$ cat upload06.cif   # mmCIF, C-alpha atoms and all ligand atoms
data_structure
#
loop_
_atom_site.label_atom_id
_atom_site.label_comp_id
_atom_site.auth_asym_id
_atom_site.auth_seq_id
_atom_site.Cartn_x
_atom_site.Cartn_y
_atom_site.Cartn_z
CA MET W 1 2.61 59.79 -25.62
CA SER W 2 3.99 62.31 -28.09
CA SER W 3 6.30 61.39 -30.84
CA SER W 4 9.01 63.57 -29.35
CA ASP W 5 9.18 61.18 -26.35
CA LEU W 6 10.65 58.48 -28.56
CA GLY W 7 12.64 60.96 -30.59
CA PRO W 8 15.99 60.90 -28.81
CA THR W 9 16.07 57.12 -28.46
CA ILE W 10 15.36 56.51 -32.10
CA GLU W 11 17.76 59.22 -33.02
CA ALA W 12 20.46 57.69 -30.87
CA ALA W 13 19.90 54.35 -32.53
CA VAL W 14 20.02 55.92 -35.93
CA VAL W 15 22.89 58.21 -35.21
CA LEU W 16 25.12 55.73 -33.46
CA PRO W 17 25.44 52.75 -35.78
CA LEU W 18 28.65 50.76 -35.71
CA PRO W 19 31.28 51.80 -38.21
CA PRO W 20 30.40 50.21 -41.56
CA GLN W 21 33.59 48.15 -41.88
CA PHE W 22 33.10 46.76 -38.43
CA THR W 23 29.49 45.70 -39.07
CA LYS W 24 30.52 44.08 -42.30
CA GLN W 25 33.33 42.17 -40.68
CA LYS W 26 31.16 41.11 -37.81
CA ARG W 27 28.50 39.87 -40.14
CA THR W 28 30.93 37.81 -42.19
CA LEU W 29 32.39 36.26 -39.07
CA LYS W 30 28.91 35.40 -37.88
CA GLN W 31 28.08 34.04 -41.31
CA LYS W 32 31.27 32.05 -41.34
CA ILE W 33 30.48 30.49 -37.96
CA CYS W 34 26.95 29.81 -39.13
CA LYS W 35 28.16 28.21 -42.33
CA PHE W 36 30.72 26.13 -40.49
CA THR W 37 28.16 24.96 -37.94
CA LEU W 38 25.75 24.04 -40.71
CA LEU W 39 28.48 22.11 -42.51
CA LEU W 40 29.52 20.34 -39.31
CA VAL W 41 25.94 19.41 -38.49
CA SER W 42 25.35 18.09 -42.01
CA VAL W 43 28.54 16.04 -41.97
CA LEU W 44 27.74 14.61 -38.54
CA THR W 45 24.16 13.87 -39.60
CA LEU W 46 25.45 12.15 -42.72
CA PHE W 47 27.87 10.06 -40.65
CA ALA W 48 25.10 9.20 -38.20
CA LEU W 49 22.77 8.17 -41.03
CA VAL W 50 25.44 6.07 -42.73
CA PHE W 51 26.25 4.47 -39.38
CA LEU W 52 22.60 3.74 -38.55
CA ALA W 53 21.99 2.38 -42.04
CA SER W 54 25.07 0.17 -41.97
CA VAL W 55 24.12 -1.26 -38.58
CA SER W 56 20.54 -1.77 -39.73
CA PHE W 57 21.58 -3.59 -42.88
CA SER W 58 24.50 -5.55 -41.46
CA ASN W 59 24.04 -9.26 -41.13
CA TYR W 60 26.03 -9.79 -37.92
CA ASN W 61 25.93 -13.54 -38.70
CA GLN W 62 22.18 -13.53 -38.19
CA CYS W 63 21.53 -16.35 -40.65
CA ASP W 64 24.06 -18.50 -38.84
CA ARG W 65 22.17 -18.01 -35.57
CA THR W 66 18.74 -18.35 -37.17
CA CYS W 67 19.72 -21.69 -38.72
CA LYS W 68 21.38 -22.92 -35.53
CA LEU W 69 18.33 -22.07 -33.46
CA LYS W 70 16.21 -24.15 -35.78
CA PHE W 71 18.52 -27.12 -36.31
CA CYS W 72 21.01 -27.40 -33.42
CA SER W 73 20.19 -29.94 -30.75
CA SER W 74 23.33 -29.49 -28.65
CA ALA W 75 25.16 -26.51 -27.19
CA ASP W 76 28.33 -27.56 -29.06
CA CYS W 77 26.50 -27.05 -32.34
CA PHE W 78 26.05 -23.38 -31.41
CA LEU W 79 29.77 -22.71 -31.49
CA SER W 80 30.46 -24.63 -34.67
CA LYS W 81 30.23 -23.02 -38.09
CA MET W 82 26.97 -23.50 -39.90
CA ALA W 83 27.21 -22.27 -43.44
CA SER W 84 24.22 -20.25 -44.47
CA LYS W 85 23.38 -17.85 -47.25
CA ARG W 86 21.43 -14.71 -46.88
CA SER W 87 19.04 -12.69 -48.98
CA VAL W 88 17.31 -9.62 -47.61
CA ARG W 89 14.75 -11.43 -45.49
CA LYS W 90 15.60 -15.11 -45.90
CA CYS W 91 18.36 -17.47 -44.94
CA THR W 92 19.32 -20.65 -46.73
CA CYS W 93 20.75 -23.05 -44.16
CA SER W 94 23.47 -25.55 -45.03
CA ASN W 95 20.87 -28.33 -45.21
CA GLY W 96 18.95 -26.38 -47.86
CA ALA W 97 16.14 -25.20 -45.59
CA VAL W 98 14.97 -21.64 -46.19
CA LEU W 99 14.04 -19.68 -43.06
CA ASN W 100 12.95 -16.17 -42.22
CA ARG W 101 16.06 -14.33 -41.18
CA LYS W 102 14.26 -12.50 -38.40
CA LEU W 103 13.32 -14.61 -35.39
CA GLU W 104 9.95 -14.67 -33.64
CA ARG W 105 9.56 -13.45 -30.07
CA VAL W 106 9.77 -16.25 -27.52
CA ASN W 107 8.43 -16.29 -23.94
CA THR W 108 11.49 -17.40 -21.97
CA THR W 109 9.59 -17.49 -18.69
CA ALA W 110 7.41 -20.20 -20.18
CA ILE W 111 10.48 -22.08 -21.48
CA ASP W 112 12.13 -22.04 -18.07
CA ALA W 113 8.91 -23.00 -16.27
CA ALA W 114 8.61 -26.12 -18.44
CA LEU W 115 12.17 -27.38 -17.88
CA VAL W 116 12.61 -30.90 -16.53
CA GLU W 117 16.41 -31.05 -16.87
CA TYR W 118 19.09 -30.00 -14.43
CA CYS W 119 22.77 -29.38 -15.01
CA VAL W 120 24.63 -31.29 -12.30
CA CYS W 121 28.38 -31.09 -11.66
CA ASN W 122 30.80 -33.35 -9.83
CA SER W 123 34.42 -32.36 -9.26
CA VAL W 124 35.35 -33.36 -12.81
CA GLU W 125 32.55 -32.39 -15.14
CA CYS W 126 28.98 -31.21 -15.50
CA ALA W 127 26.20 -33.18 -17.16
CA THR W 128 22.51 -32.78 -17.94
CA VAL W 129 20.13 -35.02 -16.01
CA GLN W 130 16.43 -35.46 -16.74
CA THR W 131 14.31 -35.45 -13.62
CA ASN W 132 11.09 -33.93 -12.43
CA SER W 133 12.34 -33.32 -8.90
CA ALA W 134 15.38 -31.21 -8.17
CA PRO W 135 18.55 -33.16 -7.35
CA ASN W 136 20.14 -32.38 -3.96
CA VAL W 137 22.90 -30.38 -5.56
CA PHE W 138 22.78 -28.86 -9.00
CA LEU W 139 24.51 -26.04 -10.84
CA HIS W 140 21.40 -24.76 -12.53
CA LYS W 141 18.03 -25.73 -13.90
CA GLY W 142 17.94 -26.69 -17.58
CA PRO W 143 20.45 -28.49 -19.78
CA CYS W 144 24.16 -27.70 -19.48
CA GLY W 145 25.75 -25.36 -22.02
CA HIS W 146 28.96 -23.43 -22.51
CA CYS W 147 28.53 -21.32 -19.36
CA SER W 148 27.66 -24.35 -17.23
CA ASN W 149 30.76 -24.79 -15.12
CA PRO W 150 31.69 -23.79 -11.57
CA ALA W 151 34.14 -21.08 -12.73
CA ASP W 152 31.57 -19.22 -14.82
CA PHE W 153 29.03 -19.69 -12.02
CA GLN W 154 31.45 -17.96 -9.66
CA ILE W 155 31.80 -15.01 -12.05
CA TYR W 156 28.00 -14.78 -12.43
CA LYS W 157 27.76 -14.61 -8.65
CA GLU W 158 30.56 -12.13 -8.10
CA THR W 159 29.35 -9.78 -10.82
CA ALA W 160 25.63 -10.22 -10.18
CA LEU W 161 25.02 -6.50 -9.90
CA THR W 162 27.34 -5.32 -12.65
CA LEU W 163 27.28 -7.96 -15.37
CA THR W 164 24.33 -6.42 -17.20
CA LYS W 165 26.09 -3.05 -17.37
CA SER W 166 29.41 -4.56 -18.46
CA SER W 167 27.68 -6.61 -21.11
CA THR W 168 25.83 -3.56 -22.42
CA LYS W 169 29.24 -1.96 -22.90
CA ALA W 170 30.49 -5.05 -24.67
CA ALA W 171 27.34 -4.97 -26.80
CA VAL W 172 28.34 -1.54 -28.09
CA ALA W 173 31.77 -2.96 -28.94
CA SER W 174 30.07 -5.84 -30.74
CA ILE W 175 28.66 -3.34 -33.26
CA PHE W 176 32.21 -2.92 -34.55
CA SER W 177 33.94 -6.17 -33.72
CA LYS W 178 32.79 -9.52 -32.41
CA GLN W 179 36.26 -10.31 -31.14
CA LYS W 180 36.52 -7.04 -29.24
CA ALA W 181 33.26 -7.83 -27.48
CA ILE W 182 34.41 -11.36 -26.66
CA ASN W 183 37.62 -9.93 -25.20
CA GLN W 184 35.61 -7.61 -22.98
CA MET W 185 33.58 -10.53 -21.65
CA THR W 186 36.64 -12.70 -21.00
CA LYS W 187 38.23 -9.78 -19.20
CA ILE W 188 35.35 -9.90 -16.74
CA GLY W 189 36.39 -13.50 -16.11
CA LEU W 190 33.94 -15.53 -18.17
CA SER W 191 35.33 -18.48 -20.12
CA ASP W 192 35.99 -18.12 -23.86
CA LYS W 193 33.07 -20.28 -24.94
CA CYS W 194 30.66 -18.70 -22.47
CA SER W 195 31.74 -15.26 -23.72
CA GLU W 196 31.05 -16.36 -27.26
CA CYS W 197 27.46 -17.20 -26.30
CA TRP W 198 27.10 -13.80 -24.64
CA VAL W 199 28.35 -12.02 -27.76
CA GLY W 200 26.14 -14.14 -30.03
CA ASN W 201 23.26 -12.94 -27.90
CA MET W 202 24.45 -9.33 -28.22
CA GLN W 203 24.65 -9.46 -32.00
CA ASN W 204 21.29 -11.19 -32.17
CA THR W 205 19.85 -8.35 -30.10
CA LEU W 206 21.65 -5.82 -32.29
CA VAL W 207 19.82 -7.20 -35.32
CA HIS W 208 16.41 -7.46 -33.66
CA CYS W 209 16.37 -4.60 -31.17
CA PHE W 210 18.75 -1.97 -32.53
CA TRP W 211 16.21 0.86 -32.76
CA THR W 212 14.56 -0.02 -29.45
CA CYS W 213 17.89 -0.09 -27.67
CA ALA W 214 19.61 2.81 -29.46
CA PHE W 215 16.81 5.26 -28.76
CA GLY W 216 15.18 3.87 -25.63
CA SER W 217 16.11 3.14 -22.05
CA ARG W 218 18.58 0.32 -21.57
CA ALA W 219 17.99 0.24 -17.81
CA SER W 220 17.84 -3.21 -16.27
CA CYS W 221 14.82 -2.29 -14.20
CA GLU W 222 12.10 0.30 -14.67
CA ASN W 223 9.21 0.43 -12.20
CA GLY W 224 9.64 -3.25 -11.48
CA HIS W 225 9.70 -4.27 -15.12
CA LEU W 226 12.34 -4.78 -17.78
CA SER W 227 13.00 -1.79 -20.01
CA LYS W 228 11.78 -2.17 -23.60
CA CYS W 229 15.36 -2.83 -24.70
CA LEU W 230 15.96 -5.63 -22.20
CA GLN W 231 12.55 -7.13 -22.88
CA CYS W 232 13.36 -7.14 -26.59
CA ASP W 233 16.69 -8.81 -25.81
CA GLU W 234 14.91 -11.37 -23.66
CA ASP W 235 12.25 -12.17 -26.26
CA TYR W 236 14.51 -12.41 -29.30
CA SER W 237 17.81 -13.59 -27.83
CA GLY W 238 16.76 -15.44 -24.68
CA LYS W 239 16.32 -18.76 -26.42
CA TYR W 240 19.60 -18.47 -28.31
CA PHE W 241 21.41 -17.66 -25.10
CA ARG W 242 19.81 -20.53 -23.21
CA ASP W 243 20.61 -23.05 -25.93
CA CYS W 244 24.22 -21.88 -26.22
CA ALA W 245 25.15 -20.93 -22.66
CA GLY W 246 22.94 -23.27 -20.66
CA MET W 247 23.37 -21.35 -17.44
CA THR W 248 21.50 -18.10 -17.11
CA ARG W 249 21.57 -16.29 -13.81
CA ARG W 250 17.91 -17.00 -13.24
CA ARG W 251 18.36 -20.68 -13.89
CA ALA W 252 21.24 -20.70 -11.41
CA GLY W 253 19.23 -18.94 -8.71
CA ILE W 254 21.34 -15.79 -8.85
CA THR W 255 19.53 -12.53 -8.27
CA SER W 256 20.94 -9.86 -10.57
CA ASP W 257 20.35 -6.18 -11.19
CA ILE W 258 17.71 -7.15 -13.75
CA CYS W 259 14.31 -7.12 -12.15
CA ARG W 260 12.52 -10.39 -12.44
CA GLN W 261 9.03 -11.39 -11.48
CA ASN W 262 8.25 -13.76 -8.63
CA GLY W 263 9.01 -17.37 -9.46
CA GLU W 264 11.32 -16.52 -12.35
CA ILE W 265 14.48 -17.09 -10.34
CA VAL W 266 15.11 -20.73 -9.47
CA ASP W 267 15.18 -21.65 -5.78
CA LYS W 268 18.33 -23.51 -4.89
C1 LIG X 1 5.00 -15.95 -20.50
O1 LIG X 1 4.76 -17.17 -19.87
C2 LIG X 1 4.44 -17.05 -18.49
C3 LIG X 1 4.45 -18.46 -17.89
O2 LIG X 1 3.84 -19.39 -18.71
C4 LIG X 1 3.13 -16.31 -18.35
O3 LIG X 1 2.79 -16.19 -16.99
C5 LIG X 1 3.29 -14.95 -18.98
O4 LIG X 1 2.05 -14.26 -18.96
C6 LIG X 1 3.76 -15.07 -20.42
N1 LIG X 1 4.07 -13.73 -20.90
C7 LIG X 1 3.63 -13.28 -22.05
C8 LIG X 1 4.03 -11.90 -22.43
O5 LIG X 1 2.92 -13.95 -22.79
#

$ encode --input "upload06.cif" --output "structure tokens"
Amino acid sequence: MSSSDLGPTIEAAVVLPLPPQFTKQKRTLKQKICKFTLLLVSVLTLFALVFLASVSFSNYNQCDRTCKLKFCSSADCFLSKMASKRSVRKCTCSNGAVLNRKLERVNTTAIDAALVEYCVCNSVECATVQTNSAPNVFLHKGPCGHCSNPADFQIYKETALTLTKSSTKAAVASIFSKQKAINQMTKIGLSDKCSECWVGNMQNTLVHCFWTCAFGSRASCENGHLSKCLQCDEDYSGKYFRDCAGMTRRRAGITSDICRQNGEIVDK
């Protein structure tokens, strides 16, 4: 290859540059866009960081729930106010007890397997009965709570395949406003008190599983198992939810879109 072969091409490139003004203008426009994009990205990143930090450091009434889990012995207690003070990692409950703010993981399958109570309803009210053999008719296994009534049972049944999705949406709302999230749950049809238990669960999960759920799958079922986010929710919030709501779908024998292992759903 002789140098003259490349000659004309190079020459053309050299000889035919864009008019200087035009190149200058084009470059500034490009630079402007670049600068603007950089600014936009930095502002968005800053907002995202501030948002993530504020969620991470928000209390979301965690001490209230942590104290209730330790000291409440009735579902009613879960919807009352329990004054509690918070430091970074500790809670001081109204009775003076100091607890770790963060809860421990709990195996809810083991809790449910060990239950000897049933929530039984007549036409007027529902009540907890202690028995080792299942009564002929019962609403659900385990003690009654704020979701233990025929109306909420009906909603659980009707929304069996969508409730997890709707509640995930409400959980996002609960980042900003507890009341907004409660409204979303009551709109589905759940009673006010039952909705409050659901949202307590959501905010509990927000505190314990935020990173897992914000950056991982929130699917209800993955290869026959719970996603990491739902498992985290189960382990950290399952006990709170059971103590407050009483009726879970599994305890009521309702198959949902959440995949459960054999024997986890009560036979009715
Ligand atoms: C939870 O408890 C159940 C029933 O007791 C048991 O089969 C299961 O292995 C436990 N799961 C974990 C993660 O420990």

$ closest_atom_pairs --input "upload06.cif" --of "region 146-198 of chain W" --to "region 239-256 of chain W" --cutoff "12 Å" --atoms "only C-alpha atoms" --output "JSON lines"
{"residue": "W:His146", "atom": "CA", "partner": "W:Ala245", "partner_atom": "CA", "distance": 4.6}
{"residue": "W:Cys147", "atom": "CA", "partner": "W:Ala245", "partner_atom": "CA", "distance": 4.7}
{"residue": "W:Ser148", "atom": "CA", "partner": "W:Met247", "partner_atom": "CA", "distance": 5.2}
{"residue": "W:Asn149", "atom": "CA", "partner": "W:Met247", "partner_atom": "CA", "distance": 8.5}
{"residue": "W:Pro150", "atom": "CA", "partner": "W:Met247", "partner_atom": "CA", "distance": 10.5}
{"residue": "W:Ala151", "atom": "CA", "partner": "W:Met247", "partner_atom": "CA", "distance": 11.8}
{"residue": "W:Asp152", "atom": "CA", "partner": "W:Met247", "partner_atom": "CA", "distance": 8.9}
{"residue": "W:Phe153", "atom": "CA", "partner": "W:Ala252", "partner_atom": "CA", "distance": 7.9}
{"residue": "W:Gln154", "atom": "CA", "partner": "W:Ile254", "partner_atom": "CA", "distance": 10.4}
{"residue": "W:Ile155", "atom": "CA", "partner": "W:Arg249", "partner_atom": "CA", "distance": 10.5}
{"residue": "W:Tyr156", "atom": "CA", "partner": "W:Arg249", "partner_atom": "CA", "distance": 6.7}
{"residue": "W:Lys157", "atom": "CA", "partner": "W:Ile254", "partner_atom": "CA", "distance": 6.5}
{"residue": "W:Glu158", "atom": "CA", "partner": "W:Ile254", "partner_atom": "CA", "distance": 9.9}
{"residue": "W:Thr159", "atom": "CA", "partner": "W:Ser256", "partner_atom": "CA", "distance": 8.4}
{"residue": "W:Ala160", "atom": "CA", "partner": "W:Ser256", "partner_atom": "CA", "distance": 4.7}
{"residue": "W:Leu161", "atom": "CA", "partner": "W:Ser256", "partner_atom": "CA", "distance": 5.3}
{"residue": "W:Thr162", "atom": "CA", "partner": "W:Ser256", "partner_atom": "CA", "distance": 8.1}
{"residue": "W:Leu163", "atom": "CA", "partner": "W:Ser256", "partner_atom": "CA", "distance": 8.2}
{"residue": "W:Thr164", "atom": "CA", "partner": "W:Ser256", "partner_atom": "CA", "distance": 8.2}
{"residue": "W:Lys165", "atom": "CA", "partner": "W:Ser256", "partner_atom": "CA", "distance": 10.9}
{"residue": "W:Leu190", "atom": "CA", "partner": "W:Ala245", "partner_atom": "CA", "distance": 11.3}
{"residue": "W:Ser191", "atom": "CA", "partner": "W:Ala245", "partner_atom": "CA", "distance": 10.8}
{"residue": "W:Asp192", "atom": "CA", "partner": "W:Ala245", "partner_atom": "CA", "distance": 11.3}
{"residue": "W:Lys193", "atom": "CA", "partner": "W:Ala245", "partner_atom": "CA", "distance": 8.3}
{"residue": "W:Cys194", "atom": "CA", "partner": "W:Ala245", "partner_atom": "CA", "distance": 5.9}
{"residue": "W:Ser195", "atom": "CA", "partner": "W:Ala245", "partner_atom": "CA", "distance": 8.8}
{"residue": "W:Glu196", "atom": "CA", "partner": "W:Ala245", "partner_atom": "CA", "distance": 8.8}
{"residue": "W:Cys197", "atom": "CA", "partner": "W:Cys244", "partner_atom": "CA", "distance": 5.7}
{"residue": "W:Trp198", "atom": "CA", "partner": "W:Phe241", "partner_atom": "CA", "distance": 6.9}

$ write_last_selection --input "upload06.cif" --atoms "C-alpha atoms" --output "mmCIF file, in the frame of the given file"
data_model
loop_
_atom_site.group_PDB
_atom_site.id
_atom_site.type_symbol
_atom_site.label_atom_id
_atom_site.label_comp_id
_atom_site.auth_asym_id
_atom_site.auth_seq_id
_atom_site.Cartn_x
_atom_site.Cartn_y
_atom_site.Cartn_z
ATOM 1 C CA HIS W 146 28.960 -23.430 -22.510
ATOM 2 C CA CYS W 147 28.530 -21.320 -19.360
ATOM 3 C CA SER W 148 27.660 -24.350 -17.230
ATOM 4 C CA ASN W 149 30.760 -24.790 -15.120
ATOM 5 C CA PRO W 150 31.690 -23.790 -11.570
ATOM 6 C CA ALA W 151 34.140 -21.080 -12.730
ATOM 7 C CA ASP W 152 31.570 -19.220 -14.820
ATOM 8 C CA PHE W 153 29.030 -19.690 -12.020
ATOM 9 C CA GLN W 154 31.450 -17.960 -9.660
ATOM 10 C CA ILE W 155 31.800 -15.010 -12.050
ATOM 11 C CA TYR W 156 28.000 -14.780 -12.430
ATOM 12 C CA LYS W 157 27.760 -14.610 -8.650
ATOM 13 C CA GLU W 158 30.560 -12.130 -8.100
ATOM 14 C CA THR W 159 29.350 -9.780 -10.820
ATOM 15 C CA ALA W 160 25.630 -10.220 -10.180
ATOM 16 C CA LEU W 161 25.020 -6.500 -9.900
ATOM 17 C CA THR W 162 27.340 -5.320 -12.650
ATOM 18 C CA LEU W 163 27.280 -7.960 -15.370
ATOM 19 C CA THR W 164 24.330 -6.420 -17.200
ATOM 20 C CA LYS W 165 26.090 -3.050 -17.370
ATOM 21 C CA LEU W 190 33.940 -15.530 -18.170
ATOM 22 C CA SER W 191 35.330 -18.480 -20.120
ATOM 23 C CA ASP W 192 35.990 -18.120 -23.860
ATOM 24 C CA LYS W 193 33.070 -20.280 -24.940
ATOM 25 C CA CYS W 194 30.660 -18.700 -22.470
ATOM 26 C CA SER W 195 31.740 -15.260 -23.720
ATOM 27 C CA GLU W 196 31.050 -16.360 -27.260
ATOM 28 C CA CYS W 197 27.460 -17.200 -26.300
ATOM 29 C CA TRP W 198 27.100 -13.800 -24.640
#

$ atom_distance --input "upload06.cif" --atom1 "CA of Arg65 (chain W)" --atom2 "CA of Ala181 (chain W)"
17.1 Å

$ residues_near_ligand --input "upload06.cif" --ligand "ligand LIG 1 (chain X)" --cutoff "10 Å" --atoms "all atoms listed in the file" --output "compact mmCIF listing (two decimals) with C-alpha atoms, in the frame of the given file"
# COMPACT_ATOMS: atom_id res chain seq x y z
CA ARG W 105 9.56 -13.45 -30.07
CA VAL W 106 9.77 -16.25 -27.52
CA ASN W 107 8.43 -16.29 -23.94
CA THR W 108 11.49 -17.40 -21.97
CA THR W 109 9.59 -17.49 -18.69
CA ALA W 110 7.41 -20.20 -20.18
CA ILE W 111 10.48 -22.08 -21.48
CA ASP W 112 12.13 -22.04 -18.07
CA ALA W 113 8.91 -23.00 -16.27
CA ALA W 114 8.61 -26.12 -18.44
CA GLN W 231 12.55 -7.13 -22.88
CA ASP W 235 12.25 -12.17 -26.26
CA GLN W 261 9.03 -11.39 -11.48
CA GLY W 263 9.01 -17.37 -9.46
CA GLU W 264 11.32 -16.52 -12.35

$ atom_distance --input "upload06.cif" --atom1 "CA of Val120 (chain W)" --atom2 "CA of Val199 (chain W)"
25.0 Å

$ closest_residue --input "upload06.cif" --among "W:Leu49, W:Leu103, W:Cys63, W:Cys232" --to "Ser87 (chain W)" --atoms "only C-alpha atoms"
W:Cys63

$ closest_residue --input "upload06.cif" --among "W:Thr45, W:Ser227, W:Ser84, W:Ser167" --to "Thr66 (chain W)" --atoms "all atoms listed in the file"
W:Ser84

$ atom_distance --input "upload06.cif" --atom1 "CA of Asp257 (chain W)" --atom2 "CA of Ala127 (chain W)"
28.3 Å

$ closest_residue --input "upload06.cif" --among "W:Ala83, W:Leu44, W:Ala53, W:Ile188" --to "Asn95 (chain W)" --atoms "all atoms listed in the file"
W:Ala83

$ closest_residue --input "upload06.cif" --among "W:Met202, W:Ala48, W:Cys209, W:Leu38" --to "Tyr60 (chain W)" --atoms "all atoms listed in the file"
W:Met202

$ residues_near_point --input "upload06.cif" --point "(20.9, -28.2, -34.7)" --cutoff "12 Å" --atoms "all atoms listed in the file" --output "list of chain:residue names"
W:Asp64, W:Arg65, W:Thr66, W:Cys67, W:Lys68, W:Leu69, W:Lys70, W:Phe71, W:Cys72, W:Ser73, W:Ser74, W:Ala75, W:Asp76, W:Cys77, W:Phe78, W:Leu79, W:Ser80, W:Lys81, W:Met82, W:Cys93, W:Ser94, W:Asn95, W:Tyr240, W:Asp243, W:Cys244
